[in-house]
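Engineer: Let me give you the structure first, and then I'll get to my questions.
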Amino acid sequence: MLRRVPLVIWLTAVWVLLWGTFDVGTLFFGVLVALLVTLLFPLPMIRTGMVLRPLPMLRLIGYLAWDLVISTLRVAWQAVWHRRSAKAGIVASTLRSDSDHVIAIVASAVSLAPGKFVLQIDRVNRTCYVYALGLRPGEEDSVRREMWFLERLVVDAVGSAGQRELVRGDAG
């Protein structure tokens, strides 16, 4: 039952937002409906092997915030100075982790900031195809290094012990 608390809180928040008023009655019935939904339609337990580590998670969040600022400046630079002649490319980056969850988090994190996003994921080969604005010939390795660094931050923040060893071993 304790594992359902975040879902009950989320469903209650959605209920309150849908009603558009925050009062005791709306909150009470939101909790009531959320409890009924979670009891009548229980979600299956998913074992991810993920462990939340607060300090590495803060490092990941800090990096994503920094990347958001830098990427916004890069896109602005491309838009102002290069306009229609801006270069772009697609880079294949093979990740080291075999976890669907880690791959999904890395792909989402890359796509969070402007200028880069994951076009496709080849699950079998653990390869993300990343579109990068402002990519000049010969800079493909910098995109791959950025993907591997982000993968390491994600694995440090939420990965299993085995994934951490794998990513740290490959990274040197």
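Simple scheme: letters A, B, ... for chains in structure tokens order, numbers from 1 for residues in each chain, numbers from 1 for ligands in the order shown.
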Which residues are close to Pro6 of chain A, i.e. within 12 Å by only C-alpha atoms, leaving aside same-chain residues fewer than 5 positions away? Reply as a PyMOL selection string.
Structural biologist: chain A and resi 1+11-13+31+34-35+38
Engineer: If you measure from atom CA of Arg123 of chain A to atom CA of Arg136 of chain A, what distance in Å do you get, rounded to one decimal?
Structural biologist: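 Result for atom CA of Arg123 of chain A versus atom CA of Arg136 of chain A: 27.0 Å, one decimal.
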Engineer: Quick check, in Å to one decimal: how far apart do atom CA of Ala132 of chain A and atom CA of Phe117 of chain A lie?
Structural biologist: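 If I compute the distance from atom CA of Ala132 of chain A to atom CA of Phe117 of chain A, I get 7.0 Å.
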Engineer: Can you pull out the residues contacting Val37 of chain A? Cut-off 12 Å, using only C-alpha atoms, and skip same-chain residues under 3 positions away; I want them as a PyMOL selection string.
Structural biologist: chain A and resi 4+7-8+10-12+15+29-34+40-43
Engineer: Can you list, as a PyMOL selection string, every residue of chain A that DSSP puts in strand (DSSP E)?
Structural biologist: chain A and resi 88-94+116-122+127-133
Engineer: Mind dumping the selected residues with all heavy atoms as a compact mmCIF listing (two decimals), in the first residue's frame?
Structural biologist:
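Now in part-v2.txt:
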# COMPACT_ATOMS: atom_id res chain seq x y z
N ALA A 88 23.63 20.74 -39.64
CA ALA A 88 23.06 19.78 -38.71
C ALA A 88 23.46 18.39 -39.16
O ALA A 88 23.89 18.20 -40.30
CB ALA A 88 21.55 19.91 -38.66
N GLY A 89 23.36 17.44 -38.27
CA GLY A 89 23.71 16.09 -38.62
C GLY A 89 23.06 15.09 -37.69
O GLY A 89 22.48 15.45 -36.66
N ILE A 90 23.17 13.84 -38.07
CA ILE A 90 22.64 12.75 -37.26
C ILE A 90 23.80 11.86 -36.87
O ILE A 90 24.59 11.44 -37.73
CB ILE A 90 21.57 11.95 -38.03
CG1 ILE A 90 20.40 12.87 -38.37
CG2 ILE A 90 21.10 10.75 -37.21
CD1 ILE A 90 19.37 12.26 -39.29
N VAL A 91 23.92 11.59 -35.58
CA VAL A 91 25.04 10.82 -35.06
C VAL A 91 24.50 9.56 -34.38
O VAL A 91 23.58 9.64 -33.56
CB VAL A 91 25.85 11.64 -34.04
CG1 VAL A 91 26.98 10.83 -33.46
CG2 VAL A 91 26.36 12.92 -34.67
N ALA A 92 25.08 8.42 -34.70
CA ALA A 92 24.74 7.16 -34.03
C ALA A 92 25.63 7.02 -32.80
O ALA A 92 26.85 7.07 -32.91
CB ALA A 92 24.94 5.98 -34.97
N SER A 93 25.00 6.87 -31.65
CA SER A 93 25.75 6.73 -30.40
C SER A 93 25.31 5.45 -29.71
O SER A 93 24.14 5.31 -29.33
CB SER A 93 25.50 7.93 -29.49
OG SER A 93 26.16 7.78 -28.27
N THR A 94 26.22 4.52 -29.54
CA THR A 94 25.92 3.26 -28.87
C THR A 94 26.15 3.42 -27.37
O THR A 94 27.26 3.75 -26.94
CB THR A 94 26.79 2.13 -29.43
OG1 THR A 94 26.58 2.05 -30.84
CG2 THR A 94 26.44 0.80 -28.79
N LYS A 116 19.20 19.39 -29.91
CA LYS A 116 19.50 17.96 -30.04
C LYS A 116 18.27 17.18 -29.63
O LYS A 116 17.56 17.56 -28.71
CB LYS A 116 20.64 17.54 -29.11
CG LYS A 116 21.99 17.96 -29.54
CD LYS A 116 23.05 17.29 -28.67
CE LYS A 116 24.38 17.85 -29.03
NZ LYS A 116 24.96 18.67 -28.01
N PHE A 117 18.03 16.08 -30.33
CA PHE A 117 17.01 15.15 -29.89
C PHE A 117 17.26 13.79 -30.50
O PHE A 117 17.94 13.67 -31.52
CB PHE A 117 15.59 15.65 -30.19
CG PHE A 117 15.28 15.86 -31.63
CD1 PHE A 117 14.74 14.84 -32.41
CD2 PHE A 117 15.51 17.09 -32.22
CE1 PHE A 117 14.45 15.05 -33.75
CE2 PHE A 117 15.21 17.31 -33.55
CZ PHE A 117 14.69 16.28 -34.32
N VAL A 118 16.73 12.78 -29.85
CA VAL A 118 16.91 11.41 -30.31
C VAL A 118 15.81 11.11 -31.33
O VAL A 118 14.63 11.17 -31.02
CB VAL A 118 16.86 10.42 -29.14
CG1 VAL A 118 16.93 8.99 -29.63
CG2 VAL A 118 18.01 10.68 -28.17
N LEU A 119 16.24 10.80 -32.56
CA LEU A 119 15.30 10.48 -33.63
C LEU A 119 14.79 9.05 -33.53
O LEU A 119 13.63 8.77 -33.79
CB LEU A 119 15.98 10.64 -34.99
CG LEU A 119 16.29 12.03 -35.46
CD1 LEU A 119 17.19 11.98 -36.68
CD2 LEU A 119 15.01 12.76 -35.78
N GLN A 120 15.71 8.15 -33.18
CA GLN A 120 15.36 6.74 -33.16
C GLN A 120 16.26 6.01 -32.17
O GLN A 120 17.41 6.40 -31.97
CB GLN A 120 15.54 6.14 -34.56
CG GLN A 120 15.19 4.68 -34.65
CD GLN A 120 15.35 4.13 -36.05
OE1 GLN A 120 15.60 4.87 -37.00
NE2 GLN A 120 15.22 2.83 -36.20
N ILE A 121 15.72 4.95 -31.60
CA ILE A 121 16.50 4.09 -30.71
C ILE A 121 16.49 2.69 -31.31
O ILE A 121 15.43 2.11 -31.52
CB ILE A 121 15.92 4.06 -29.28
CG1 ILE A 121 15.92 5.46 -28.68
CG2 ILE A 121 16.70 3.08 -28.41
CD1 ILE A 121 15.21 5.55 -27.35
N ASP A 122 17.68 2.17 -31.56
CA ASP A 122 17.83 0.78 -31.99
C ASP A 122 18.05 -0.02 -30.72
O ASP A 122 19.15 -0.09 -30.20
CB ASP A 122 19.02 0.65 -32.95
CG ASP A 122 19.26 -0.77 -33.41
OD1 ASP A 122 18.55 -1.69 -32.94
OD2 ASP A 122 20.17 -0.97 -34.23
N THR A 127 21.62 1.58 -29.62
CA THR A 127 22.10 2.75 -30.36
C THR A 127 21.02 3.81 -30.43
O THR A 127 19.88 3.53 -30.80
CB THR A 127 22.52 2.34 -31.78
OG1 THR A 127 23.52 1.33 -31.69
CG2 THR A 127 23.05 3.52 -32.56
N CYS A 128 21.40 5.04 -30.07
CA CYS A 128 20.52 6.20 -30.21
C CYS A 128 21.01 7.01 -31.41
O CYS A 128 22.20 7.29 -31.53
CB CYS A 128 20.58 7.08 -28.96
SG CYS A 128 19.85 6.33 -27.51
N TYR A 129 20.08 7.38 -32.27
CA TYR A 129 20.41 8.24 -33.39
C TYR A 129 20.00 9.66 -33.01
O TYR A 129 18.83 9.95 -32.84
CB TYR A 129 19.69 7.78 -34.66
CG TYR A 129 20.19 6.42 -35.11
CD1 TYR A 129 19.58 5.26 -34.70
CD2 TYR A 129 21.31 6.33 -35.93
CE1 TYR A 129 20.06 4.01 -35.09
CE2 TYR A 129 21.81 5.10 -36.33
CZ TYR A 129 21.17 3.94 -35.90
OH TYR A 129 21.67 2.72 -36.29
N VAL A 130 21.02 10.51 -32.84
CA VAL A 130 20.82 11.84 -32.30
C VAL A 130 20.95 12.88 -33.40
O VAL A 130 21.96 12.92 -34.10
CB VAL A 130 21.86 12.14 -31.18
CG1 VAL A 130 21.64 13.52 -30.59
CG2 VAL A 130 21.81 11.07 -30.11
N TYR A 131 19.92 13.71 -33.54
CA TYR A 131 19.98 14.86 -34.44
C TYR A 131 20.63 16.00 -33.66
O TYR A 131 20.23 16.29 -32.53
CB TYR A 131 18.57 15.27 -34.88
CG TYR A 131 18.54 16.60 -35.59
CD1 TYR A 131 18.76 16.68 -36.95
CD2 TYR A 131 18.30 17.77 -34.88
CE1 TYR A 131 18.74 17.90 -37.60
CE2 TYR A 131 18.26 18.99 -35.52
CZ TYR A 131 18.49 19.05 -36.88
OH TYR A 131 18.47 20.27 -37.52
N ALA A 132 21.63 16.63 -34.24
CA ALA A 132 22.34 17.73 -33.57
C ALA A 132 22.43 18.93 -34.50
O ALA A 132 22.99 18.84 -35.59
CB ALA A 132 23.73 17.28 -33.14
N LEU A 133 21.89 20.05 -34.06
CA LEU A 133 21.97 21.30 -34.80
C LEU A 133 23.36 21.91 -34.58
O LEU A 133 23.90 21.85 -33.48
CB LEU A 133 20.90 22.27 -34.32
CG LEU A 133 20.85 23.63 -35.01
CD1 LEU A 133 20.44 23.48 -36.47
CD2 LEU A 133 19.87 24.54 -34.29
Engineer: Between atom CA of Ser142 of chain A and atom CA of Ala161 of chain A, what is the distance in Å, rounded to a tenth?
Structural biologist: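 Between atom CA of Ser142 of chain A and atom CA of Ala161 of chain A the gap is 27.0 Å.
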